[in-house]
Amino acid sequence: MKISLRFQELFENRHNNSDEADRSAMLAEIGVGSIEELISQTVPAAIRRPAPLNLPPALSEAQFLDDFKKLASRNTLFKSYIGTGYYDTHTPTVILRNILENPAWYTAYTPYQAEISQGRLEMLLNFQTLIMELTGMEIANASLLDEATAAAEALHLFYALKKGAKAKADTFFVSDRCHPQTIDLLQTRATPIGVKVLVGDHRTVDLTNEAIFGALLQYPATDGAVFDYTSWIAAAHELDIKVVVAADLLALTLLTPPGEMGADAVVGSAQRFGVPMGFGGPHAGYFGTKDEFKRQMPGRIIGVSVDTEGNRALRMALQTREQHIRREKATSNICTAQVLLSVMAAAYAVYHGPEGLRKIAERTHALTQLTALSLKELGYEVLTEAFFDTIRVRVSDSQAVRTATEAAGLNLRYFGDDTVGISFDEVKTYEDAVALIGIFSQLAGKTVNLDEIENALSWEFDEVLTRSSAYLTHPVFNTHHSEHEMLRYLKSLENKDLSLVHSMISLGSCTMKLNATTEMIPVTWPEFGKLHPFVPKEQAAGYYELFKNLNDWLCEITGFAAMSLQPNSGAQGEYAGLMVIRAYHESRGNGHRNIALIPASAHGTNPASAVMAGMKVVVTKTDENGNIDLADLKAKAEQYSENLSCLMVTYPSTHGVFEESIIDICNLIHAHGGQVYMDGANMNAQVGLTSPGTIGADVCHLNLHKTFCIPHGGGGPGMGPIGVAAHLAPFLPGHAVVDGVGGAQAISAVSAAPFGSASILTISYAYIAMMGGEGLTHATETAILNANYIKARLEAHFPVLYVGSQGRCAHEMILDCRPFKQTAGVEAEDLAKRLMDYGFHAPTLSFPVAGTLMVEPTESESKAELDRFCDAMIGIRNEIREIEEGQADKSVNVLKMAPHTQNVVLTGEWTRPYSREKAVFPLPYVKAAKFWPTVSRIDSAYGDRNLVCACIPVEDYATAE
Ligand SMILES: *Cc1c(COP(=O)(O)O)cnc(C)c1O
């Protein structure tokens, strides 16, 4: 046989389920002759793409890494003194390798199935404890998207809380010493809900202004100044104004926390706790507040509860799924957040402990002191009196400073006048400070005696600003400081969690695809990690090339004219897209158009985002086949024709079906002057076969953490870029600090950083580059094949709700579990918990239909894995039948008692009416690789009644009961 010299292994064959024999067997089971036949029965001909995807040829994994290294090297790494909310940090290598580079952590899902998520839940509890103790607040969440959006969530919270004399107040005061990107984003978020942002000097603002209901201060301020806000906050409270403080976590190890100054909420970023800058993200935003606001707090809260054995067990507390339940009345649209980054920040605090953190902060502060005193000695005016790590300095010629520092590979912050900002961080050394001082010394033509200055250093703050309260006293922050201890602690948590390293996670709508190793490797290259988001453009040439290519590719895939890479989650994409639609209507004198039509089956973030964008939600009906009820839609479009802003539609629908009428639906909305927003969460069924542009949508977000392989990280990070048709391109979001971002009439920013969580765009880039157009199209076809294979195997056992006109599902399907309630007293949740005993994570539970499971296998699962899952489901169906037929007890059976832990089956006498083997080894494959849940079924209601959201010693917990 001849061997080709040009043979290249195709990545596609690793990503897709591509075994020919398996595929033939699957097609036979489905009852079709070919994949083409299946696709033609599934995707309506009218919406097929006119031409195949036109993308660069697929690269092999080796070739991609080679090429990409070259692109990466076009980013130039300067030392950053820019500050402004982003700081260089050392990611402890034990955390780098065992969390950030570890698929057991990064491929996990949001911990809805708490019994198999105790590891990350514990680290998130550590995160909440860290935030509460450093900020001095009573409760904290885990976590938000970035500092700026966290500040906006506080604005929303205060706006929702105002009452009495303030009921009509509509103004939010923002100190002009907040970070510019935060001020910009607050403008975006305030305007559509009718809130005015008043930016000014906090020392002179007239708080008796009755319109003011809330205020934001920065601590330390963006120029480094540290103010004691105690009396200011007290004055605000006298006038019934609530105050949020954006605070720097490292500074809080030395400075009096805002909670002790009376703040109602404290927000910020946990980036500098071991998370690379990454040209803007991803990082965890944090939010701490008072206990009294816990029920209105946005985001997810981890809480302590108990399992059926009475053991301590963690789970998400309170309004976990509140968007699904409260929809347009939800407190926020936060869904995917930044779990992996909160986990890293908490691990950083665990590793360093309170003493270690304090030392890092003290050194950072001391270097800043050394620099400030030296510059004064050299004759410069240092404008910042009390500071932590940042000073603002007046220079006679800031261009000369810029030229000299850039020649030495340093970036400072330029305020656009005759002042510059200098921020220190954990990474900067004594030698760095000396080099920087040397440049100023040269410019001034003078020298300083550094030893003398060093001897004179005193880094005590004013007494009121000096932190006196203890923090991080819990054992978890005082135990794991050696590398062995840390490694084993991380491993012990990792071992409690089920992720894609164990088995398929078939979450409908959430698309848990392969996160290939080659896609993940560049994420931790310093060329991508060590860039500050506000560096001069020419230093980020590699990133800009990446953005350009990725934009082009995503435009080709979506059929749109332009993209914005700014939104850092799907829900933020929804918000950004709706704000673009709003700006479009306004530009045409149609500012009154504010009605969003949203089908009842939509994801909860849709109505929540619409309300944030200042729209009124009108719900449209779904017919008995799960499709949009066309008659109802027509009636409502007509009724609201005057004021119609848009329709939000998920395609294929959340019911897993390609609706035939989608083109008519888009035409109908357009005829009434509305725009069509497509929720792109289900793009994995479209890529290469059809596209939002082909169908007639005007704007669509892509969940890059679903369709484009960014791992879910246990609940984030993600990216939600939006694509738009040409008429909307001028309105794509801009940025206050970085120019050249967004359209010609750009709306203000929707994320703190200009390109959102830029560093993880490398993952989607790698995926597209290695798959090529054909590979991506095959992926979509294979996703549909895998889903229809599961449907074929399971439909005799579980009713499949909703299928297309020819009996096919798209890339996912809904299995109806509601009948079992009647026949066996079994609920969908019992199936979800029993799947754990079989080694599987449950499919999506009760969305979009209560009492059902929505299964989405993705293209990356092999037939063998699909079969294991089907065998498990059929096994469970048989167990239900035993209850139905009276062979098993109605209340003490393997489903009701699931999941089964080692403790349950090994401790004491076995008294249950079924065997231990049946409990934990229900099928032979389970025995070969058993995954043990570490707690039994968790009592969520108990935890909500007795809310505990921080690490407290176990003995205190016992008495707290
Ligand atoms: C996941 C999802 C969203 C929300 O996206 P996030 O990235 O989690 O913010 C919205 N709509 C649908 C249908 C989804 O599946």
# chains A, B, ... in the order shown; residues from 1 in each chain; ligands from 1
>>> residues_around(residues="segment 176-186 of chain A", least_positions_apart="6", cutoff="7 Å", atoms="only C-alpha atoms", output="MDAnalysis selection string")
chainID A and resid 84 148 152 199:201 217:218 221:223 736:737 748:752
>>> write_last_selection(atoms="all heavy atoms", output="compact mmCIF listing (two decimals), in the first residue's frame")
# COMPACT_ATOMS: atom_id res chain seq x y z
N THR A 84 -6.05 50.16 37.17
CA THR A 84 -7.41 50.35 36.65
C THR A 84 -8.25 49.07 36.76
O THR A 84 -9.08 48.77 35.92
CB THR A 84 -7.39 50.84 35.17
OG1 THR A 84 -6.21 51.60 34.94
CG2 THR A 84 -8.60 51.70 34.86
N ALA A 148 -17.49 45.66 36.84
CA ALA A 148 -18.43 46.67 36.35
C ALA A 148 -19.86 46.15 36.38
O ALA A 148 -20.79 46.85 36.81
CB ALA A 148 -18.04 47.10 34.94
N ALA A 152 -23.27 47.24 38.52
CA ALA A 152 -24.59 47.44 37.92
C ALA A 152 -25.64 46.61 38.64
O ALA A 152 -26.79 47.04 38.81
CB ALA A 152 -24.55 47.10 36.44
N VAL A 199 -22.52 61.50 37.70
CA VAL A 199 -21.10 61.29 37.99
C VAL A 199 -20.54 62.58 38.58
O VAL A 199 -20.77 63.66 38.04
CB VAL A 199 -20.34 60.93 36.70
CG1 VAL A 199 -18.86 60.68 37.01
CG2 VAL A 199 -20.96 59.71 36.02
N GLY A 200 -19.85 62.47 39.69
CA GLY A 200 -19.30 63.69 40.29
C GLY A 200 -18.32 63.39 41.40
O GLY A 200 -17.98 62.24 41.66
N ASP A 201 -17.88 64.47 42.04
CA ASP A 201 -16.92 64.37 43.14
C ASP A 201 -17.69 64.02 44.41
O ASP A 201 -18.60 64.77 44.81
CB ASP A 201 -16.21 65.72 43.28
CG ASP A 201 -15.07 65.66 44.28
OD1 ASP A 201 -15.11 64.79 45.19
OD2 ASP A 201 -14.15 66.47 44.15
N LEU A 217 -19.00 54.12 45.20
CA LEU A 217 -17.68 54.70 45.49
C LEU A 217 -16.62 53.65 45.17
O LEU A 217 -16.93 52.45 45.14
CB LEU A 217 -17.59 55.05 46.99
CG LEU A 217 -18.67 55.98 47.54
CD1 LEU A 217 -18.61 56.00 49.07
CD2 LEU A 217 -18.48 57.40 46.98
N GLN A 218 -15.39 54.10 44.93
CA GLN A 218 -14.33 53.13 44.64
C GLN A 218 -13.27 53.20 45.75
O GLN A 218 -12.88 54.28 46.18
CB GLN A 218 -13.68 53.43 43.29
CG GLN A 218 -12.65 52.40 42.84
CD GLN A 218 -13.15 51.48 41.74
OE1 GLN A 218 -13.90 51.88 40.87
NE2 GLN A 218 -12.73 50.23 41.79
N ALA A 221 -9.61 54.46 45.26
CA ALA A 221 -10.15 55.08 44.05
C ALA A 221 -9.29 54.70 42.85
O ALA A 221 -8.17 54.21 42.99
CB ALA A 221 -10.19 56.59 44.23
N THR A 222 -9.83 54.97 41.66
CA THR A 222 -9.14 54.54 40.45
C THR A 222 -7.74 55.15 40.34
O THR A 222 -6.82 54.53 39.80
CB THR A 222 -9.99 54.84 39.20
OG1 THR A 222 -9.40 54.21 38.07
CG2 THR A 222 -10.12 56.34 38.95
N ASP A 223 -7.53 56.34 40.91
CA ASP A 223 -6.20 56.96 40.87
C ASP A 223 -5.36 56.56 42.08
O ASP A 223 -4.28 57.09 42.29
CB ASP A 223 -6.33 58.48 40.78
CG ASP A 223 -7.10 59.05 41.96
OD1 ASP A 223 -7.51 58.28 42.86
OD2 ASP A 223 -7.31 60.28 42.00
N ALA A 736 -15.16 52.60 26.76
CA ALA A 736 -14.77 53.95 27.18
C ALA A 736 -13.26 54.14 27.17
O ALA A 736 -12.77 55.26 27.04
CB ALA A 736 -15.31 54.23 28.59
N VAL A 737 -12.50 53.08 27.35
CA VAL A 737 -11.05 53.24 27.49
C VAL A 737 -10.32 52.88 26.19
O VAL A 737 -9.36 53.54 25.81
CB VAL A 737 -10.52 52.35 28.64
CG1 VAL A 737 -9.03 52.54 28.82
CG2 VAL A 737 -11.27 52.65 29.93
N SER A 748 -22.89 52.18 24.59
CA SER A 748 -21.79 52.07 25.56
C SER A 748 -21.62 50.60 25.95
O SER A 748 -22.39 49.73 25.55
CB SER A 748 -22.06 52.97 26.76
OG SER A 748 -23.38 52.80 27.22
N ALA A 749 -20.59 50.35 26.77
CA ALA A 749 -20.13 48.97 26.96
C ALA A 749 -21.12 48.09 27.71
O ALA A 749 -21.91 48.57 28.54
CB ALA A 749 -18.80 48.99 27.70
N VAL A 750 -21.09 46.79 27.44
CA VAL A 750 -21.88 45.82 28.18
C VAL A 750 -21.01 44.94 29.09
O VAL A 750 -21.52 44.18 29.90
CB VAL A 750 -22.72 44.91 27.25
CG1 VAL A 750 -23.73 45.75 26.46
CG2 VAL A 750 -21.84 44.12 26.30
N SER A 751 -19.69 45.02 28.92
CA SER A 751 -18.76 44.30 29.81
C SER A 751 -17.66 45.28 30.21
O SER A 751 -17.45 46.29 29.54
CB SER A 751 -18.08 43.13 29.09
OG SER A 751 -19.02 42.18 28.67
N ALA A 752 -16.95 44.94 31.29
CA ALA A 752 -15.87 45.81 31.74
C ALA A 752 -14.75 45.86 30.70
O ALA A 752 -14.17 46.91 30.45
CB ALA A 752 -15.32 45.32 33.07
>>> residues_near_ligand(ligand="ligand 1", cutoff="7 Å", atoms="only C-alpha atoms and all ligand atoms", output="list in words")
Ile334, Cys335, Thr336, Ser509, Cys510, Ser569, Gly570, Ala571, Gln572, Ala602, His603, Thr605, Asn606, Thr650, Thr654, Asp679, Ala681, Asn682, Asn703, Gly718, Met719 and Gly720 of chain A
>>> select_by_dssp(residues="segment 776-932 of chain A", states="alpha helix (DSSP H)", output="ChimeraX atom specification")
/A:776-794,819-824,828-837,863-884,902-906,916-920,924-928
>>> atom_distance(atom1="atom CA of Pro599 of chain A", atom2="atom CA of Val617 of chain A")
9.9 Å
>>> select_by_dssp(residues="segment 312-411 of chain A", states="strand (DSSP E or B)", output="list in words")
Arg312, Ala313, Leu314, Arg315, Met316, Ala317, Glu381, Val382, Phe387, Thr390, Ile391, Arg392, Val393, Arg394, Leu410 and Asn411 of chain A
>>> write_last_selection(atoms="N, CA, C and O atoms", output="compact mmCIF listing (two decimals), in the first residue's frame")
# COMPACT_ATOMS: atom_id res chain seq x y z
N ARG A 312 -23.49 16.92 56.77
CA ARG A 312 -23.38 18.25 56.16
C ARG A 312 -23.22 18.07 54.65
O ARG A 312 -22.45 17.24 54.18
N ALA A 313 -23.98 18.83 53.92
CA ALA A 313 -23.92 18.75 52.46
C ALA A 313 -24.20 20.13 51.88
O ALA A 313 -24.98 20.89 52.44
N LEU A 314 -23.54 20.44 50.77
CA LEU A 314 -23.66 21.78 50.19
C LEU A 314 -24.53 21.73 48.95
O LEU A 314 -24.57 20.73 48.24
N ARG A 315 -25.18 22.84 48.66
CA ARG A 315 -25.92 22.97 47.40
C ARG A 315 -26.20 24.44 47.17
O ARG A 315 -26.03 25.26 48.04
N MET A 316 -26.67 24.75 45.96
CA MET A 316 -27.02 26.13 45.66
C MET A 316 -28.30 26.46 46.40
O MET A 316 -29.24 25.67 46.40
N ALA A 317 -28.30 27.62 47.03
CA ALA A 317 -29.41 27.97 47.91
C ALA A 317 -30.39 28.92 47.22
O ALA A 317 -30.09 29.50 46.19
N GLU A 381 5.49 65.86 41.62
CA GLU A 381 4.36 66.02 42.53
C GLU A 381 3.55 64.73 42.54
O GLU A 381 3.01 64.32 41.51
N VAL A 382 3.50 64.08 43.70
CA VAL A 382 2.68 62.87 43.83
C VAL A 382 1.33 63.30 44.37
O VAL A 382 1.23 63.81 45.48
N PHE A 387 -2.45 55.93 49.95
CA PHE A 387 -2.62 55.00 48.82
C PHE A 387 -2.24 53.61 49.28
O PHE A 387 -1.62 53.42 50.33
N THR A 390 -1.28 52.21 44.24
CA THR A 390 -1.37 53.05 43.04
C THR A 390 -1.15 54.52 43.40
O THR A 390 -1.72 55.00 44.39
N ILE A 391 -0.34 55.19 42.60
CA ILE A 391 -0.16 56.63 42.79
C ILE A 391 -0.37 57.35 41.46
O ILE A 391 -0.18 56.78 40.39
N ARG A 392 -0.78 58.61 41.59
CA ARG A 392 -0.92 59.45 40.41
C ARG A 392 0.12 60.55 40.54
O ARG A 392 0.22 61.20 41.59
N VAL A 393 0.88 60.75 39.48
CA VAL A 393 2.04 61.64 39.55
C VAL A 393 1.95 62.71 38.47
O VAL A 393 1.61 62.39 37.32
N ARG A 394 2.24 63.96 38.83
CA ARG A 394 2.27 65.01 37.81
C ARG A 394 3.65 65.02 37.17
O ARG A 394 4.67 64.98 37.86
N LEU A 410 7.83 49.03 29.75
CA LEU A 410 6.88 49.24 30.85
C LEU A 410 5.67 50.02 30.36
O LEU A 410 5.79 50.95 29.56
N ASN A 411 4.49 49.64 30.85
CA ASN A 411 3.27 50.42 30.57
C ASN A 411 2.81 51.11 31.83
O ASN A 411 2.61 50.46 32.86
